[in-house]
Amino acid sequence: NSTFGAYVEIGRGARILNSQFGDYAYCERWSDIANTTVGRFANIAAMVRIGPTDHPWRNAAQHHFLYRSSYYWDDVADDADFFAARAARRTVLGADCWIGHGAIIMPEVTLGAGAIVASGAVVTKDVAPFLMVAGVPARPLKPRFSAPVIERLLALAWWDWDHQQLRRALPDFRTLPAEAFLEKYGG
């Protein structure tokens, strides 16, 4: 139950469930992504877990026989309400965010555009655009840019450009610092 935009790459052994990948987004090998909206140009390293599913820990038992009942008894259906509630707990990755190796992004967390999650971090709260976070649980390290540059990048929203416009700007993406890029492209 997933959809994939243009130029999307999915690494070997990755498991994608009930998710949407925007154009140019990718995940490396052995990533496990569930119930997630992945923004354009999102960069997801290997062995990342996004939107991990949960168990009914408030019940007397938390084993999956409670909701995957058909695995154990022929006369009982799986718990459709439990699966619907799981699927509704969406994780959202903003455009051009970067998730480091082995990081975990919990359900119902939103990462802003350009955010960076350090390797091994466990993100339990929303992350602002262009903010770098690290640790368990993840804590802010520092913004990638000054507040005025962040505002200008968000206004420019280069991640919404079409394929040809991206190609024309490729030499500048490769060589110009963010501030110079913004001066040239009017952000």
# chains A, B, ... in the order shown; residues from 1 in each chain; ligands from 1

call {"tool": "select_by_dssp", "arguments": {"residues": "chain A", "states": "alpha helix (DSSP H)", "output": "VMD selection string"}}
result
chain A and resid 80 to 88 147 to 156 163 to 175 178 to 185

call {"tool": "residues_around", "arguments": {"residues": "Val133 in chain A", "least_positions_apart": "2", "cutoff": "9 Å", "atoms": "only C-alpha atoms", "output": "JSON, numbers by chain"}}
result
{"A": [115, 116, 117, 118, 121, 123, 127, 131, 135, 138, 139, 140, 141, 142, 143]}

call {"tool": "write_last_selection", "arguments": {"atoms": "C-alpha atoms", "output": "PDB file, in the first residue's frame"}}
result
ATOM      1  CA  ALA A 115      16.658  18.672   8.869  1.00  0.00           C
ATOM      2  CA  ILE A 116      19.502  16.297   9.746  1.00  0.00           C
ATOM      3  CA  VAL A 117      19.163  13.329  12.108  1.00  0.00           C
ATOM      4  CA  ALA A 118      22.499  11.936  13.310  1.00  0.00           C
ATOM      5  CA  ALA A 121      19.508   8.957  17.034  1.00  0.00           C
ATOM      6  CA  VAL A 123      13.655  11.008  17.297  1.00  0.00           C
ATOM      7  CA  VAL A 127      12.336  18.619  14.307  1.00  0.00           C
ATOM      8  CA  LEU A 131      17.874  21.737  12.480  1.00  0.00           C
ATOM      9  CA  GLY A 135      21.218  11.379  20.686  1.00  0.00           C
ATOM     10  CA  ALA A 138      17.363  13.134  19.943  1.00  0.00           C
ATOM     11  CA  ARG A 139      18.165  16.656  21.095  1.00  0.00           C
ATOM     12  CA  PRO A 140      18.892  19.775  19.024  1.00  0.00           C
ATOM     13  CA  LEU A 141      22.564  20.324  18.159  1.00  0.00           C
ATOM     14  CA  LYS A 142      22.394  23.443  16.037  1.00  0.00           C
ATOM     15  CA  PRO A 143      20.663  24.856  12.973  1.00  0.00           C
TER      16      PRO A 143
END

call {"tool": "closest_residue", "arguments": {"among": "A:Ala95, A:Ala25, A:Ala88, A:Ile104", "to": "Asp160 in chain A", "atoms": "only C-alpha atoms"}}
result
A:Ala95

call {"tool": "closest_residue", "arguments": {"among": "A:Trp98, A:Pro56, A:Ala85, A:Asp75", "to": "Gly114 in chain A", "atoms": "only C-alpha atoms"}}
result
A:Trp98

call {"tool": "closest_residue", "arguments": {"among": "A:Tyr71, A:Thr53, A:Gly112, A:His163", "to": "Phe83 in chain A", "atoms": "only C-alpha atoms"}}
result
A:Thr53

call {"tool": "closest_residue", "arguments": {"among": "A:Asn35, A:Arg29, A:Phe4, A:His55", "to": "Val109 in chain A", "atoms": "only C-alpha atoms"}}
result
A:Asn35

call {"tool": "residues_around", "arguments": {"residues": "range 169-183 of chain A", "least_positions_apart": "2", "cutoff": "12 Å", "atoms": "only C-alpha atoms", "output": "ChimeraX atom specification"}}
result
/A:114,130,144-159,161-167,185-187

call {"tool": "write_last_selection", "arguments": {"atoms": "N, CA, C and O atoms", "output": "CSV table (one decimal), in the first residue's frame"}}
result
chain,number,residue,atom,x,y,z
A,114,GLY,N,15.1,20.0,5.1
A,114,GLY,CA,16.5,20.2,5.4
A,114,GLY,C,17.0,19.7,6.7
A,114,GLY,O,18.2,20.0,7.0
A,130,PHE,N,15.8,22.5,8.9
A,130,PHE,CA,17.3,22.8,8.9
A,130,PHE,C,17.9,22.7,10.2
A,130,PHE,O,19.0,23.2,10.4
A,144,ARG,N,21.4,24.4,10.7
A,144,ARG,CA,22.4,24.3,9.7
A,144,ARG,C,22.8,25.7,9.2
A,144,ARG,O,23.9,26.0,8.8
A,145,PHE,N,21.9,26.7,9.3
A,145,PHE,CA,22.1,28.0,8.8
A,145,PHE,C,21.5,29.0,9.8
A,145,PHE,O,20.7,28.6,10.7
A,146,SER,N,21.7,30.3,9.6
A,146,SER,CA,21.1,31.3,10.4
A,146,SER,C,19.6,31.4,10.0
A,146,SER,O,19.2,30.9,9.0
A,147,ALA,N,18.9,32.0,10.9
A,147,ALA,CA,17.4,32.1,10.8
A,147,ALA,C,17.1,32.8,9.4
A,147,ALA,O,16.2,32.4,8.7
A,148,PRO,N,17.7,33.9,9.1
A,148,PRO,CA,17.4,34.6,7.8
A,148,PRO,C,17.6,33.6,6.6
A,148,PRO,O,16.8,33.6,5.6
A,149,VAL,N,18.7,32.9,6.6
A,149,VAL,CA,19.0,32.0,5.5
A,149,VAL,C,17.9,30.9,5.5
A,149,VAL,O,17.4,30.5,4.4
A,150,ILE,N,17.5,30.3,6.6
A,150,ILE,CA,16.5,29.3,6.7
A,150,ILE,C,15.2,29.8,6.1
A,150,ILE,O,14.6,29.2,5.3
A,151,GLU,N,14.8,31.0,6.5
A,151,GLU,CA,13.6,31.6,5.9
A,151,GLU,C,13.7,31.8,4.4
A,151,GLU,O,12.7,31.5,3.7
A,152,ARG,N,14.8,32.2,3.9
A,152,ARG,CA,15.0,32.4,2.5
A,152,ARG,C,14.9,31.0,1.7
A,152,ARG,O,14.4,30.9,0.7
A,153,LEU,N,15.6,30.0,2.3
A,153,LEU,CA,15.5,28.7,1.7
A,153,LEU,C,14.1,28.1,1.7
A,153,LEU,O,13.7,27.6,0.7
A,154,LEU,N,13.4,28.3,2.8
A,154,LEU,CA,12.0,27.8,2.8
A,154,LEU,C,11.1,28.6,1.8
A,154,LEU,O,10.3,28.0,1.1
A,155,ALA,N,11.4,29.9,1.6
A,155,ALA,CA,10.7,30.7,0.6
A,155,ALA,C,11.0,30.2,-0.8
A,155,ALA,O,10.2,30.1,-1.7
A,156,LEU,N,12.3,30.0,-1.1
A,156,LEU,CA,12.8,29.5,-2.4
A,156,LEU,C,12.2,28.2,-2.7
A,156,LEU,O,11.8,27.9,-3.9
A,157,ALA,N,12.2,27.3,-1.8
A,157,ALA,CA,11.6,25.9,-1.9
A,157,ALA,C,12.1,25.3,-3.2
A,157,ALA,O,11.3,24.7,-4.0
A,158,TRP,N,13.4,25.2,-3.4
A,158,TRP,CA,14.0,24.6,-4.6
A,158,TRP,C,13.5,23.2,-4.8
A,158,TRP,O,13.5,22.7,-5.9
A,159,TRP,N,13.2,22.5,-3.8
A,159,TRP,CA,12.8,21.1,-3.9
A,159,TRP,C,11.5,21.0,-4.6
A,159,TRP,O,11.1,19.9,-5.0
A,161,TRP,N,11.1,22.6,-7.5
A,161,TRP,CA,11.5,22.9,-8.9
A,161,TRP,C,11.2,21.7,-9.8
A,161,TRP,O,11.4,20.6,-9.3
A,162,ASP,N,11.0,21.9,-11.1
A,162,ASP,CA,10.9,20.8,-12.0
A,162,ASP,C,12.3,20.3,-12.4
A,162,ASP,O,13.3,20.9,-12.1
A,163,HIS,N,12.3,19.1,-13.0
A,163,HIS,CA,13.5,18.4,-13.4
A,163,HIS,C,14.5,19.3,-14.2
A,163,HIS,O,15.7,19.3,-13.9
A,164,GLN,N,13.9,20.0,-15.2
A,164,GLN,CA,14.8,20.8,-16.0
A,164,GLN,C,15.4,22.0,-15.2
A,164,GLN,O,16.6,22.4,-15.4
A,165,GLN,N,14.6,22.6,-14.4
A,165,GLN,CA,15.1,23.7,-13.6
A,165,GLN,C,16.2,23.2,-12.6
A,165,GLN,O,17.2,23.9,-12.4
A,166,LEU,N,16.1,22.0,-12.1
A,166,LEU,CA,17.1,21.5,-11.2
A,166,LEU,C,18.4,21.2,-12.0
A,166,LEU,O,19.5,21.5,-11.6
A,167,ARG,N,18.2,20.7,-13.3
A,167,ARG,CA,19.4,20.4,-14.1
A,167,ARG,C,20.1,21.7,-14.4
A,167,ARG,O,21.4,21.8,-14.4
A,185,TYR,N,19.5,32.9,-7.0
A,185,TYR,CA,18.2,32.3,-7.4
A,185,TYR,C,17.0,33.1,-6.7
A,185,TYR,O,15.9,32.7,-6.8
A,186,GLY,N,17.4,34.2,-6.0
A,186,GLY,CA,16.3,35.0,-5.5
A,186,GLY,C,15.5,34.6,-4.3
A,186,GLY,O,14.5,35.1,-4.0
A,187,GLY,N,16.1,33.7,-3.5
A,187,GLY,CA,15.4,33.3,-2.3
A,187,GLY,C,15.6,34.2,-1.2
A,187,GLY,O,16.4,35.0,-1.1

call {"tool": "residues_around", "arguments": {"residues": "Met106 in chain A", "least_positions_apart": "2", "cutoff": "12 Å", "atoms": "only C-alpha atoms", "output": "mmCIF file with all heavy atoms, in the first residue's frame"}}
result
data_model
loop_
_atom_site.group_PDB
_atom_site.id
_atom_site.type_symbol
_atom_site.label_atom_id
_atom_site.label_comp_id
_atom_site.auth_asym_id
_atom_site.auth_seq_id
_atom_site.Cartn_x
_atom_site.Cartn_y
_atom_site.Cartn_z
ATOM 1 N N ASP A 32 13.480 0.192 7.225
ATOM 2 C CA ASP A 32 12.138 -0.288 7.540
ATOM 3 C C ASP A 32 11.271 0.951 7.756
ATOM 4 O O ASP A 32 11.449 1.678 8.734
ATOM 5 C CB ASP A 32 12.186 -1.151 8.794
ATOM 6 C CG ASP A 32 10.877 -1.854 9.083
ATOM 7 O OD1 ASP A 32 9.819 -1.381 8.628
ATOM 8 O OD2 ASP A 32 10.912 -2.889 9.776
ATOM 9 N N ILE A 33 10.371 1.195 6.822
ATOM 10 C CA ILE A 33 9.594 2.439 6.810
ATOM 11 C C ILE A 33 8.114 2.103 6.744
ATOM 12 O O ILE A 33 7.669 1.435 5.815
ATOM 13 C CB ILE A 33 10.021 3.322 5.624
ATOM 14 C CG1 ILE A 33 11.518 3.625 5.739
ATOM 15 C CG2 ILE A 33 9.182 4.588 5.564
ATOM 16 C CD1 ILE A 33 12.125 4.264 4.517
ATOM 17 N N ALA A 34 7.368 2.567 7.749
ATOM 18 C CA ALA A 34 5.930 2.281 7.810
ATOM 19 C C ALA A 34 5.155 3.562 8.077
ATOM 20 O O ALA A 34 5.591 4.419 8.845
ATOM 21 C CB ALA A 34 5.638 1.263 8.906
ATOM 22 N N ASN A 35 4.009 3.688 7.425
ATOM 23 C CA ASN A 35 3.054 4.758 7.713
ATOM 24 C C ASN A 35 3.715 6.135 7.654
ATOM 25 O O ASN A 35 3.554 6.958 8.555
ATOM 26 C CB ASN A 35 2.401 4.525 9.080
ATOM 27 C CG ASN A 35 1.818 3.135 9.194
ATOM 28 O OD1 ASN A 35 1.125 2.669 8.291
ATOM 29 N ND2 ASN A 35 2.119 2.444 10.268
ATOM 30 N N THR A 36 4.462 6.371 6.585
ATOM 31 C CA THR A 36 5.277 7.575 6.487
ATOM 32 C C THR A 36 5.067 8.276 5.154
ATOM 33 O O THR A 36 4.954 7.633 4.112
ATOM 34 C CB THR A 36 6.769 7.221 6.655
ATOM 35 O OG1 THR A 36 6.953 6.618 7.942
ATOM 36 C CG2 THR A 36 7.664 8.428 6.533
ATOM 37 N N VAL A 48 17.727 2.271 8.763
ATOM 38 C CA VAL A 48 16.913 3.268 9.458
ATOM 39 C C VAL A 48 15.529 2.688 9.699
ATOM 40 O O VAL A 48 15.003 1.944 8.877
ATOM 41 C CB VAL A 48 16.833 4.560 8.607
ATOM 42 C CG1 VAL A 48 15.744 5.487 9.100
ATOM 43 C CG2 VAL A 48 18.184 5.257 8.589
ATOM 44 N N ARG A 49 14.936 3.041 10.809
ATOM 45 C CA ARG A 49 13.565 2.618 11.125
ATOM 46 C C ARG A 49 12.716 3.869 11.256
ATOM 47 O O ARG A 49 13.023 4.747 12.068
ATOM 48 C CB ARG A 49 13.563 1.821 12.423
ATOM 49 C CG ARG A 49 12.230 1.194 12.768
ATOM 50 C CD ARG A 49 12.158 -0.234 12.275
ATOM 51 N NE ARG A 49 10.806 -0.753 12.333
ATOM 52 C CZ ARG A 49 10.346 -1.552 13.282
ATOM 53 N NH1 ARG A 49 11.125 -1.920 14.263
ATOM 54 N NH2 ARG A 49 9.102 -1.982 13.232
ATOM 55 N N ILE A 50 11.674 3.974 10.456
ATOM 56 C CA ILE A 50 10.801 5.144 10.480
ATOM 57 C C ILE A 50 9.363 4.687 10.686
ATOM 58 O O ILE A 50 8.871 3.814 9.969
ATOM 59 C CB ILE A 50 10.923 5.966 9.185
ATOM 60 C CG1 ILE A 50 12.371 6.415 8.987
ATOM 61 C CG2 ILE A 50 9.972 7.153 9.208
ATOM 62 C CD1 ILE A 50 12.637 7.100 7.666
ATOM 63 N N GLY A 51 8.693 5.291 11.659
ATOM 64 C CA GLY A 51 7.309 4.930 11.960
ATOM 65 C C GLY A 51 7.174 3.523 12.478
ATOM 66 O O GLY A 51 6.255 2.803 12.070
ATOM 67 N N PRO A 52 8.069 3.101 13.404
ATOM 68 C CA PRO A 52 7.954 1.710 13.874
ATOM 69 C C PRO A 52 6.585 1.455 14.489
ATOM 70 O O PRO A 52 6.039 2.314 15.181
ATOM 71 C CB PRO A 52 9.061 1.591 14.926
ATOM 72 C CG PRO A 52 9.374 2.974 15.334
ATOM 73 C CD PRO A 52 9.069 3.847 14.151
ATOM 74 N N THR A 53 6.064 0.313 14.186
ATOM 75 C CA THR A 53 4.743 -0.033 14.698
ATOM 76 C C THR A 53 4.844 -0.385 16.179
ATOM 77 O O THR A 53 5.925 -0.640 16.700
ATOM 78 C CB THR A 53 4.154 -1.194 13.888
ATOM 79 O OG1 THR A 53 5.061 -2.291 13.918
ATOM 80 C CG2 THR A 53 3.910 -0.775 12.450
ATOM 81 N N ASP A 54 3.721 -0.383 16.847
ATOM 82 C CA ASP A 54 3.717 -0.620 18.278
ATOM 83 C C ASP A 54 2.816 -1.794 18.638
ATOM 84 O O ASP A 54 2.157 -2.367 17.784
ATOM 85 C CB ASP A 54 3.295 0.645 19.025
ATOM 86 C CG ASP A 54 2.059 1.295 18.407
ATOM 87 O OD1 ASP A 54 1.346 0.622 17.645
ATOM 88 O OD2 ASP A 54 1.820 2.470 18.685
ATOM 89 N N ARG A 89 -1.209 6.714 12.486
ATOM 90 C CA ARG A 89 -0.129 7.395 13.215
ATOM 91 C C ARG A 89 1.009 7.693 12.244
ATOM 92 O O ARG A 89 2.032 7.033 12.233
ATOM 93 C CB ARG A 89 0.339 6.534 14.382
ATOM 94 C CG ARG A 89 -0.775 6.278 15.390
ATOM 95 C CD ARG A 89 -0.309 5.501 16.591
ATOM 96 N NE ARG A 89 0.643 6.310 17.340
ATOM 97 C CZ ARG A 89 1.698 5.811 17.979
ATOM 98 N NH1 ARG A 89 1.931 4.523 17.963
ATOM 99 N NH2 ARG A 89 2.508 6.610 18.642
ATOM 100 N N ARG A 90 0.835 8.726 11.425
ATOM 101 C CA ARG A 90 1.750 9.043 10.326
ATOM 102 C C ARG A 90 3.013 9.761 10.796
ATOM 103 O O ARG A 90 2.979 10.621 11.666
ATOM 104 C CB ARG A 90 1.069 9.931 9.290
ATOM 105 C CG ARG A 90 -0.213 9.396 8.707
ATOM 106 C CD ARG A 90 -0.055 8.249 7.786
ATOM 107 N NE ARG A 90 0.746 8.576 6.632
ATOM 108 C CZ ARG A 90 1.167 7.671 5.760
ATOM 109 N NH1 ARG A 90 0.843 6.405 5.914
ATOM 110 N NH2 ARG A 90 1.898 8.020 4.736
ATOM 111 N N THR A 91 4.108 9.427 10.169
ATOM 112 C CA THR A 91 5.375 10.141 10.303
ATOM 113 C C THR A 91 5.569 10.917 9.006
ATOM 114 O O THR A 91 5.240 10.412 7.929
ATOM 115 C CB THR A 91 6.535 9.142 10.522
ATOM 116 O OG1 THR A 91 6.237 8.361 11.681
ATOM 117 C CG2 THR A 91 7.851 9.851 10.700
ATOM 118 N N VAL A 92 6.106 12.137 9.096
ATOM 119 C CA VAL A 92 6.294 12.978 7.916
ATOM 120 C C VAL A 92 7.738 13.449 7.859
ATOM 121 O O VAL A 92 8.242 14.044 8.824
ATOM 122 C CB VAL A 92 5.339 14.195 7.943
ATOM 123 C CG1 VAL A 92 5.578 15.092 6.733
ATOM 124 C CG2 VAL A 92 3.888 13.737 8.001
ATOM 125 N N LEU A 93 8.380 13.174 6.727
ATOM 126 C CA LEU A 93 9.743 13.642 6.494
ATOM 127 C C LEU A 93 9.697 14.780 5.493
ATOM 128 O O LEU A 93 9.189 14.616 4.389
ATOM 129 C CB LEU A 93 10.620 12.520 5.931
ATOM 130 C CG LEU A 93 10.673 11.218 6.719
ATOM 131 C CD1 LEU A 93 11.661 10.259 6.055
ATOM 132 C CD2 LEU A 93 11.041 11.465 8.166
ATOM 133 N N ALA A 103 19.274 5.356 12.491
ATOM 134 C CA ALA A 103 18.390 6.231 13.269
ATOM 135 C C ALA A 103 16.980 5.650 13.310
ATOM 136 O O ALA A 103 16.597 4.846 12.453
ATOM 137 C CB ALA A 103 18.360 7.631 12.664
ATOM 138 N N ILE A 104 16.233 6.074 14.306
ATOM 139 C CA ILE A 104 14.834 5.678 14.449
ATOM 140 C C ILE A 104 14.009 6.955 14.568
ATOM 141 O O ILE A 104 14.316 7.821 15.393
ATOM 142 C CB ILE A 104 14.615 4.793 15.693
ATOM 143 C CG1 ILE A 104 15.446 3.507 15.586
ATOM 144 C CG2 ILE A 104 13.130 4.477 15.884
ATOM 145 C CD1 ILE A 104 15.453 2.681 16.865
ATOM 146 N N GLU A 108 4.210 9.632 14.287
ATOM 147 C CA GLU A 108 3.618 10.939 14.559
ATOM 148 C C GLU A 108 4.658 12.041 14.765
ATOM 149 O O GLU A 108 4.366 13.069 15.356
ATOM 150 C CB GLU A 108 2.645 10.876 15.735
ATOM 151 C CG GLU A 108 1.487 9.933 15.470
ATOM 152 C CD GLU A 108 0.495 9.856 16.598
ATOM 153 O OE1 GLU A 108 0.865 9.392 17.690
ATOM 154 O OE2 GLU A 108 -0.663 10.258 16.350
ATOM 155 N N VAL A 109 5.864 11.842 14.264
ATOM 156 C CA VAL A 109 6.907 12.866 14.298
ATOM 157 C C VAL A 109 7.004 13.487 12.909
ATOM 158 O O VAL A 109 6.880 12.798 11.898
ATOM 159 C CB VAL A 109 8.266 12.252 14.713
ATOM 160 C CG1 VAL A 109 9.414 13.207 14.458
ATOM 161 C CG2 VAL A 109 8.230 11.817 16.168
ATOM 162 N N THR A 110 7.236 14.799 12.869
ATOM 163 C CA THR A 110 7.445 15.512 11.616
ATOM 164 C C THR A 110 8.843 16.111 11.606
ATOM 165 O O THR A 110 9.236 16.792 12.563
ATOM 166 C CB THR A 110 6.410 16.640 11.439
ATOM 167 O OG1 THR A 110 5.106 16.046 11.343
ATOM 168 C CG2 THR A 110 6.677 17.453 10.179
ATOM 169 N N LEU A 111 9.595 15.836 10.544
ATOM 170 C CA LEU A 111 10.900 16.463 10.334
ATOM 171 C C LEU A 111 10.725 17.562 9.307
ATOM 172 O O LEU A 111 10.170 17.329 8.234
ATOM 173 C CB LEU A 111 11.919 15.458 9.796
ATOM 174 C CG LEU A 111 12.257 14.251 10.644
ATOM 175 C CD1 LEU A 111 13.354 13.444 9.969
ATOM 176 C CD2 LEU A 111 12.677 14.645 12.033
ATOM 177 N N ALA A 121 20.428 8.142 16.241
ATOM 178 C CA ALA A 121 19.508 8.957 17.034
ATOM 179 C C ALA A 121 18.131 8.304 17.083
ATOM 180 O O ALA A 121 17.736 7.569 16.177
ATOM 181 C CB ALA A 121 19.401 10.366 16.443
ATOM 182 N N VAL A 122 17.397 8.602 18.144
ATOM 183 C CA VAL A 122 16.008 8.183 18.277
ATOM 184 C C VAL A 122 15.175 9.457 18.410
ATOM 185 O O VAL A 122 15.245 10.149 19.426
ATOM 186 C CB VAL A 122 15.787 7.264 19.494
ATOM 187 C CG1 VAL A 122 14.298 6.908 19.633
ATOM 188 C CG2 VAL A 122 16.630 6.005 19.369
ATOM 189 N N VAL A 123 14.408 9.762 17.354
ATOM 190 C CA VAL A 123 13.655 11.008 17.297
ATOM 191 C C VAL A 123 12.239 10.759 17.797
ATOM 192 O O VAL A 123 11.492 9.985 17.201
ATOM 193 C CB VAL A 123 13.646 11.586 15.868
ATOM 194 C CG1 VAL A 123 12.890 12.907 15.827
ATOM 195 C CG2 VAL A 123 15.070 11.768 15.361
ATOM 196 N N THR A 124 11.889 11.430 18.893
ATOM 197 C CA THR A 124 10.581 11.263 19.518
ATOM 198 C C THR A 124 9.726 12.524 19.431
ATOM 199 O O THR A 124 8.556 12.488 19.801
ATOM 200 C CB THR A 124 10.734 10.884 21.005
ATOM 201 O OG1 THR A 124 11.446 11.933 21.677
ATOM 202 C CG2 THR A 124 11.481 9.562 21.152
ATOM 203 N N LYS A 125 10.323 13.642 18.960
ATOM 204 C CA LYS A 125 9.609 14.916 18.857
ATOM 205 C C LYS A 125 9.879 15.537 17.500
ATOM 206 O O LYS A 125 10.896 15.253 16.859
ATOM 207 C CB LYS A 125 10.072 15.879 19.951
ATOM 208 C CG LYS A 125 9.755 15.391 21.343
ATOM 209 C CD LYS A 125 10.254 16.364 22.385
ATOM 210 C CE LYS A 125 9.933 15.821 23.770
ATOM 211 N NZ LYS A 125 10.533 16.629 24.813
ATOM 212 N N ASP A 126 8.992 16.438 17.082
ATOM 213 C CA ASP A 126 9.166 17.131 15.805
ATOM 214 C C ASP A 126 10.516 17.850 15.757
ATOM 215 O O ASP A 126 11.030 18.297 16.792
ATOM 216 C CB ASP A 126 8.051 18.150 15.599
ATOM 217 C CG ASP A 126 6.688 17.509 15.375
ATOM 218 O OD1 ASP A 126 6.613 16.277 15.263
ATOM 219 O OD2 ASP A 126 5.708 18.271 15.310
ATOM 220 N N VAL A 127 11.062 17.945 14.534
ATOM 221 C CA VAL A 127 12.336 18.619 14.307
ATOM 222 C C VAL A 127 12.089 19.772 13.336
ATOM 223 O O VAL A 127 11.531 19.566 12.253
ATOM 224 C CB VAL A 127 13.384 17.636 13.726
ATOM 225 C CG1 VAL A 127 14.689 18.355 13.423
ATOM 226 C CG2 VAL A 127 13.615 16.467 14.689
ATOM 227 N N VAL A 136 19.896 9.965 22.090
ATOM 228 C CA VAL A 136 18.795 9.086 22.468
ATOM 229 C C VAL A 136 18.257 9.584 23.802
ATOM 230 O O VAL A 136 18.916 9.409 24.820
ATOM 231 C CB VAL A 136 19.255 7.623 22.591
ATOM 232 C CG1 VAL A 136 18.105 6.715 23.010
ATOM 233 C CG2 VAL A 136 19.879 7.139 21.284
ATOM 234 N N PRO A 137 17.117 10.235 23.828
ATOM 235 C CA PRO A 137 16.354 10.693 22.667
ATOM 236 C C PRO A 137 17.069 11.844 21.975
ATOM 237 O O PRO A 137 17.924 12.516 22.575
ATOM 238 C CB PRO A 137 15.023 11.146 23.272
ATOM 239 C CG PRO A 137 15.371 11.574 24.659
ATOM 240 C CD PRO A 137 16.494 10.659 25.100
ATOM 241 N N ALA A 138 16.710 12.091 20.728
ATOM 242 C CA ALA A 138 17.363 13.134 19.943
ATOM 243 C C ALA A 138 17.128 14.504 20.565
ATOM 244 O O ALA A 138 16.030 14.825 20.997
ATOM 245 C CB ALA A 138 16.853 13.115 18.502
#

call {"tool": "select_by_dssp", "arguments": {"residues": "range 106-136 of chain A", "states": "strand (DSSP E)", "output": "ChimeraX atom specification"}}
result
/A:110-111,116-117,122-123,131-134

call {"tool": "residues_around", "arguments": {"residues": "Ser31 in chain A", "least_positions_apart": "5", "cutoff": "9 Å", "atoms": "only C-alpha atoms", "output": "number ranges by chain"}}
result
A: 10-16, 44-50, 102

call {"tool": "write_last_selection", "arguments": {"atoms": "N, CA and C atoms", "output": "PDB file, in the first residue's frame"}}
result
ATOM      1  N   ILE A  10      14.985   2.582  -3.794  1.00  0.00           N
ATOM      2  CA  ILE A  10      14.729   1.779  -2.605  1.00  0.00           C
ATOM      3  C   ILE A  10      15.833   0.735  -2.517  1.00  0.00           C
ATOM      4  N   GLY A  11      16.580   0.750  -1.430  1.00  0.00           N
ATOM      5  CA  GLY A  11      17.717  -0.148  -1.260  1.00  0.00           C
ATOM      6  C   GLY A  11      17.306  -1.591  -1.022  1.00  0.00           C
ATOM      7  N   ARG A  12      18.250  -2.468  -1.285  1.00  0.00           N
ATOM      8  CA  ARG A  12      18.039  -3.908  -1.129  1.00  0.00           C
ATOM      9  C   ARG A  12      17.584  -4.243   0.287  1.00  0.00           C
ATOM     10  N   GLY A  13      16.578  -5.086   0.378  1.00  0.00           N
ATOM     11  CA  GLY A  13      16.104  -5.573   1.662  1.00  0.00           C
ATOM     12  C   GLY A  13      15.264  -4.575   2.439  1.00  0.00           C
ATOM     13  N   ALA A  14      14.999  -3.415   1.862  1.00  0.00           N
ATOM     14  CA  ALA A  14      14.161  -2.433   2.566  1.00  0.00           C
ATOM     15  C   ALA A  14      12.726  -2.936   2.611  1.00  0.00           C
ATOM     16  N   ARG A  15      12.028  -2.576   3.666  1.00  0.00           N
ATOM     17  CA  ARG A  15      10.610  -2.909   3.820  1.00  0.00           C
ATOM     18  C   ARG A  15       9.844  -1.599   3.904  1.00  0.00           C
ATOM     19  N   ILE A  16       8.917  -1.414   2.977  1.00  0.00           N
ATOM     20  CA  ILE A  16       8.121  -0.196   2.909  1.00  0.00           C
ATOM     21  C   ILE A  16       6.660  -0.593   3.055  1.00  0.00           C
ATOM     22  N   ILE A  44      17.694   8.860   3.150  1.00  0.00           N
ATOM     23  CA  ILE A  44      17.532   7.930   4.263  1.00  0.00           C
ATOM     24  C   ILE A  44      18.639   6.883   4.177  1.00  0.00           C
ATOM     25  N   ALA A  45      19.514   6.867   5.178  1.00  0.00           N
ATOM     26  CA  ALA A  45      20.654   5.953   5.194  1.00  0.00           C
ATOM     27  C   ALA A  45      20.204   4.515   5.468  1.00  0.00           C
ATOM     28  N   ALA A  46      21.172   3.623   5.496  1.00  0.00           N
ATOM     29  CA  ALA A  46      20.913   2.200   5.716  1.00  0.00           C
ATOM     30  C   ALA A  46      20.437   1.937   7.148  1.00  0.00           C
ATOM     31  N   MET A  47      19.640   0.906   7.260  1.00  0.00           N
ATOM     32  CA  MET A  47      19.192   0.370   8.547  1.00  0.00           C
ATOM     33  C   MET A  47      18.460   1.391   9.408  1.00  0.00           C
ATOM     34  N   VAL A  48      17.727   2.271   8.763  1.00  0.00           N
ATOM     35  CA  VAL A  48      16.913   3.268   9.458  1.00  0.00           C
ATOM     36  C   VAL A  48      15.529   2.688   9.699  1.00  0.00           C
ATOM     37  N   ARG A  49      14.936   3.041  10.809  1.00  0.00           N
ATOM     38  CA  ARG A  49      13.565   2.618  11.125  1.00  0.00           C
ATOM     39  C   ARG A  49      12.716   3.869  11.256  1.00  0.00           C
ATOM     40  N   ILE A  50      11.674   3.974  10.456  1.00  0.00           N
ATOM     41  CA  ILE A  50      10.801   5.144  10.480  1.00  0.00           C
ATOM     42  C   ILE A  50       9.363   4.687  10.686  1.00  0.00           C
ATOM     43  N   GLY A 102      21.071   3.946  10.903  1.00  0.00           N
ATOM     44  CA  GLY A 102      20.563   3.337  12.120  1.00  0.00           C
ATOM     45  C   GLY A 102      19.667   4.216  12.974  1.00  0.00           C
TER      46      GLY A 102
END

call {"tool": "residues_around", "arguments": {"residues": "Asn43 in chain A", "least_positions_apart": "3", "cutoff": "8 Å", "atoms": "only C-alpha atoms", "output": "MDAnalysis selection string"}}
result
chainID A and resid 25:27 96:99

call {"tool": "closest_residue", "arguments": {"among": "A:Val76, A:Ala61, A:Ala84, A:Ile105", "to": "Val38 in chain A", "atoms": "only C-alpha atoms"}}
result
A:Ile105

call {"tool": "atom_distance", "arguments": {"atom1": "CA of Asp74 in chain A", "atom2": "CA of Asn1 in chain A"}}
result
25.2 Å

call {"tool": "atom_distance", "arguments": {"atom1": "CA of Gly5 in chain A", "atom2": "CA of Phe21 in chain A"}}
result
5.9 Å
